[in-house]
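What follows is one structure encoded as structure tokens, with my remarks underneath.
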Amino acid sequence: MASLGISYDMVLGSLMPVVVYWVYGGMYMVLGSCDNYRLHPKEDEDEKNFASKETVIKGVLWQQFRQFIATNLLYMMTGGSHGGASSAQPPSLTVIARQFVVAMLVFDTYQYFLHRYLHHNKFLYRHLHSKHHRLVVPYPFGAIYSHPIEGFLFDILGGSLAIFLSGMSPATSAFFSSFAAMKSVDDHCGLMLPGNPFHIFFENNTAYHDLHHQLYGGKYNFSQPFFAMWDRILGTHMPYSLEKREEGGFELQPAKECKND
């Protein structure tokens with residue numbers, strides 16, 4: 001029978017990703033404009049987006065509050081132990097690594113097909129997903145800005161499914177969810193900083209996702225947050241190059257055959 005108590009691990013698992021999201025996003029804000037590495041001029045964040053930063057911050061905080069509640073309810077319903085993982089016996093590093101890989105694949109698969117459907121269904125795009133695309137020029141703390149229903153489907157339900165099917169304990173899920181939060185923030189940071197490990201190890205990076213936020217990229221690069229495999233398998237991958245701008249920073253140059261579709 002599932003326990004209705006809330007343990008330290010449960011609170012850690014639901015609160016740690018929230019803290020990591022704002023700390024990691026805050027690091028990018030502290031870095032300043034970094035004009036030589038930006039995909040868009042800094043002023044475009046205010047001039048080209050259709051949602052104010054105040055609105056975005058309020059929306060993200062509300063989304064994170066819902067995630068906190070939903071995650072703890074999941075822990076309580078499953079006895080604080082997903083997939084039968086025992087909190088009394090800490091899993092080995094091998095088990096944790098396997099759980100991470102499984103969770104990443106589940107999360108990516110779920111989000112790809114849902115994300116693609118939200119773009120192809122005009123009603124759902126207009127009433128749900130278009131809210132996230134009000135940020136034509138993404139920035140770090142706008143990573144999970146979305147409609148409440150989309151936020152539930154994408155992050156709460158998708159994340160819970162990945163954690164449950166991978167068999168993670170609340171403690172392990174805290175690190176996985178924090179890693180996913182960092183990756184999402186990085187994908188929306190708008191900066192191609194040299195030596196960024198997310199850019200080194202993941203093809204699906206800042207430029208890859210930024211291209212999807214542009215008008216010509218709405219039918220491509222649905223994969224998120226980790227791998228680009230589903231885009232490549234199902235023909236929605238848009239190749240691109242990065243060209244240096246004279247005034248500083250980079251400009252995305254998508255493949256012409258894709259841009260003209």
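Every chain in the structure tokens takes a letter, A first, then B, and so on in the order presented; its residues are numbered from 1, and the ligands are numbered from 1 following the presented order.
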Counting only C-alpha atoms, which residues of segment 202-247 of chain A fall within 12 Å of segment 41-59 of chain A, and what is the closest atom pair for each with its distance in Å at one decimal, ordered by chain and rising number, as a Markdown table?
| residue | atom | partner | partner_atom | distance |
| --- | --- | --- | --- | --- |
| A:His213 | CA | A:Asn49 | CA | 10.9 |
| A:Gln214 | CA | A:Lys48 | CA | 11.1 |
| A:Arg245 | CA | A:Pro41 | CA | 10.2 |
| A:Glu246 | CA | A:Pro41 | CA | 12.0 |
| A:Glu247 | CA | A:Pro41 | CA | 9.2 |
Just N, CA and C atoms for this one: save the residues we selected as a CSV table (one decimal), in the first residue's frame.
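Final output, out-v6.csv:
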chain,number,residue,atom,x,y,z
A,213,HIS,N,12.3,27.6,-33.3
A,213,HIS,CA,11.5,28.8,-32.9
A,213,HIS,C,11.3,29.8,-34.0
A,214,GLN,N,12.1,29.7,-35.1
A,214,GLN,CA,11.9,30.7,-36.2
A,214,GLN,C,10.7,30.3,-37.1
A,245,ARG,N,28.2,37.0,-37.7
A,245,ARG,CA,27.7,38.3,-38.1
A,245,ARG,C,28.8,39.4,-38.0
A,246,GLU,N,28.8,40.4,-38.9
A,246,GLU,CA,29.8,41.5,-38.8
A,246,GLU,C,29.7,42.2,-37.5
A,247,GLU,N,28.5,42.4,-37.0
A,247,GLU,CA,28.3,43.2,-35.7
A,247,GLU,C,28.6,42.3,-34.5
_Backbone DSSP call of strand (DSSP E or B) for segment 30-245 of chain A, listed as a ChimeraX atom specification_ = /A:38,191,240-244
Write the selection just made, keeping C-alpha atoms, as a tab-separated table (two decimals), in the first residue's frame?
chain	number	residue	atom	x	y	z
A	38	ARG	CA	24.65	35.36	-29.41
A	191	LEU	CA	24.27	31.60	-26.72
A	240	TYR	CA	21.93	24.37	-40.70
A	241	SER	CA	25.17	26.27	-40.47
A	242	LEU	CA	26.33	29.08	-38.22
A	243	GLU	CA	27.70	32.20	-39.89
A	244	LYS	CA	29.49	35.00	-38.06
*Which residue gives the smallest distance to Asp35 of chain A among A:Val18, A:Leu234, A:Met192, A:Ala97, with only C-alpha atoms counted?*
A:Met192
*Could you tell me which of A:Ala180, A:Pro254, A:Phe141, A:Asn196 comes closest to Met16 of chain A if we count only C-alpha atoms?*
A:Ala180
*asked:* Which residues are close to Phe176 of chain A, i.e. within 9 Å by only C-alpha atoms, leaving aside same-chain residues fewer than 3 positions away? Reply as a list of chain:residue names.
replied: A:Pro17, A:Phe100, A:Ala103, A:Met104, A:Ile163, A:Met168, A:Thr172, A:Ser173, A:Phe179, A:Ala180, A:Ala181
